[in-house]
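Data block below; observations after.
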Amino acid sequence: MVHLTPHDFEELGERMTLTYGKGLQEKERTFCSFFGIDCRVVSDAWNIFFDIDNNSFFDKDRIQMLRNLKPVHVLWTLLFLKVYATEQVLSKSCRCTAKTFGKWIWIIILEMTNIGYLVVSFYINIFCS
């Protein structure tokens with residue numbers, strides 16, 4: 001998987017939320033309003049969750065599925081968790097089919113539940129040390 005920076009997710013979020021040319025604070029507020037968390041946290045989660053080359057507990061099928069994952073799928077998932085509208089409604093906002101939207105958000109939600117403690121532990125160590 002490709003290592004992504006907060007700026008990468010910020011740009012992807014801009015394309016999804018149409019916040020081009022806005023000030024930095026407005027972009028950050030819009031990103032958090034749509035996705036529920038800061039783009040730095042999304043970047044860290046991506047880089048920790050999907051570092052599949054260093055996670056020996058992934059089986060071959062799971063690794064192949066995760067290799068097909070795109071950063072936009074993570075933002076779709078966060079949008080779904082934040083807004084909690086139906087897959088049919090949100091898929092239209094994300095310009096994909098409901099089937100594609102549903103496939104990827106549930107894969108990522110399951111991955112988050114499997115190894116989400118890593119991100120929580122990471123931030124607890126940073127901010128509480």
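Simple scheme: letters A, B, ... for chains in structure tokens order, numbers from 1 for residues in each chain, numbers from 1 for ligands in the order shown.
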Practice task
Compile the contact shell of Trp46 in chain A as an MDAnalysis selection string: residues with an atom at most 10 Å away, counting only C-alpha atoms, same-chain residues fewer than 2 positions apart removed.
Solution key: chainID A and resid 1:6 9 40:44 48:51 70:71 74 119
Dump of C-alpha atoms for the selected residues, as a PDB file, in the first residue's frame:
ATOM      1  CA  MET A   1       0.000   0.000   0.000  1.00  0.00           C
ATOM      2  CA  VAL A   2       1.071   3.549  -0.607  1.00  0.00           C
ATOM      3  CA  HIS A   3       2.011   5.782   2.310  1.00  0.00           C
ATOM      4  CA  LEU A   4      -0.303   8.820   2.262  1.00  0.00           C
ATOM      5  CA  THR A   5       0.105  12.181   3.963  1.00  0.00           C
ATOM      6  CA  PRO A   6      -2.573  14.350   5.552  1.00  0.00           C
ATOM      7  CA  PHE A   9      -6.395  13.176   2.191  1.00  0.00           C
ATOM      8  CA  ARG A  40      -4.072  13.922   9.944  1.00  0.00           C
ATOM      9  CA  VAL A  41      -5.928  11.189  11.807  1.00  0.00           C
ATOM     10  CA  VAL A  42      -7.226   9.741   8.530  1.00  0.00           C
ATOM     11  CA  SER A  43      -3.672   9.644   7.180  1.00  0.00           C
ATOM     12  CA  ASP A  44      -2.359   7.951  10.314  1.00  0.00           C
ATOM     13  CA  ILE A  48      -1.363   2.000  10.312  1.00  0.00           C
ATOM     14  CA  PHE A  49      -4.443   0.009   9.240  1.00  0.00           C
ATOM     15  CA  PHE A  50      -3.286  -0.813   5.786  1.00  0.00           C
ATOM     16  CA  ASP A  51       0.412  -1.473   6.280  1.00  0.00           C
ATOM     17  CA  LYS A  70      -8.314   3.142  -2.498  1.00  0.00           C
ATOM     18  CA  PRO A  71      -8.044   6.165  -0.196  1.00  0.00           C
ATOM     19  CA  VAL A  74     -11.782   5.304   3.523  1.00  0.00           C
ATOM     20  CA  VAL A 119      -4.762   4.100  16.112  1.00  0.00           C
TER      21      VAL A 119
END
Using only C-alpha atoms, determine which residues lie at most 12 Å from Val83 in chain A, disregarding the query and same-chain residues fewer than 4 positions distant; provide the list as a short mmCIF file (atom, residue, chain, number, x, y, z; two decimals) with N, CA and C atoms, in the first residue's frame.
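Once everything was written out, this is part_21.cif:
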data_model
loop_
_atom_site.label_atom_id
_atom_site.label_comp_id
_atom_site.auth_asym_id
_atom_site.auth_seq_id
_atom_site.Cartn_x
_atom_site.Cartn_y
_atom_site.Cartn_z
N CYS A 32 -13.72 18.04 8.60
CA CYS A 32 -14.24 17.45 9.85
C CYS A 32 -15.75 17.33 9.84
N SER A 33 -16.43 18.28 9.23
CA SER A 33 -17.89 18.22 9.16
C SER A 33 -18.37 17.04 8.32
N PHE A 34 -17.67 16.76 7.25
CA PHE A 34 -18.06 15.66 6.38
C PHE A 34 -17.62 14.30 6.91
N PHE A 35 -16.38 14.24 7.43
CA PHE A 35 -15.78 12.94 7.73
C PHE A 35 -15.62 12.66 9.22
N GLY A 36 -15.87 13.65 10.06
CA GLY A 36 -15.89 13.41 11.50
C GLY A 36 -14.55 13.49 12.19
N LEU A 75 -12.58 7.52 2.90
CA LEU A 75 -13.41 8.71 3.09
C LEU A 75 -14.89 8.38 2.94
N TRP A 76 -15.24 7.48 2.04
CA TRP A 76 -16.64 7.04 1.93
C TRP A 76 -17.10 6.46 3.26
N THR A 77 -16.24 5.64 3.85
CA THR A 77 -16.60 4.98 5.10
C THR A 77 -16.79 6.00 6.22
N LEU A 78 -15.88 6.95 6.30
CA LEU A 78 -16.00 7.98 7.34
C LEU A 78 -17.25 8.84 7.13
N LEU A 79 -17.56 9.14 5.88
CA LEU A 79 -18.78 9.88 5.56
C LEU A 79 -20.01 9.09 6.01
N GLU A 87 -26.95 3.72 2.20
CA GLU A 87 -25.94 3.51 1.16
C GLU A 87 -26.41 4.08 -0.17
N VAL A 89 -28.35 6.68 -0.75
CA VAL A 89 -28.23 8.14 -0.76
C VAL A 89 -26.76 8.56 -0.86
N LEU A 90 -25.91 7.99 -0.02
CA LEU A 90 -24.51 8.41 0.01
C LEU A 90 -23.76 7.99 -1.25
N SER A 93 -23.91 10.75 -3.68
CA SER A 93 -23.00 11.85 -3.33
C SER A 93 -21.56 11.50 -3.69
#
Handout entry: Option closest in space to Leu12 in chain A, from A:Ala98, A:Cys39, A:Leu81, A:Leu69 [counting only C-alpha atoms]
Key =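 Closest residue, counting only C-alpha atoms: A:Cys39.
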Practice task
Report the residues of range 3-103 of chain A whose backbone DSSP state falls under alpha helix (DSSP H), written as a ChimeraX atom specification.
Solution key: /A:6-17,24-35,39-49,60-67,71-83,87-93,98-103
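Counting only C-alpha atoms and comparing A:Asn114, A:Asp61, A:Cys94, A:Asp38, the residue that lies closest to Thr17 in chain A is A:Cys94.
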Handout entry: Interatomic distance, CA of Glu26 in chain A to CA of Asp8 in chain A (Å, one decimal)
Key = 17.0 Å
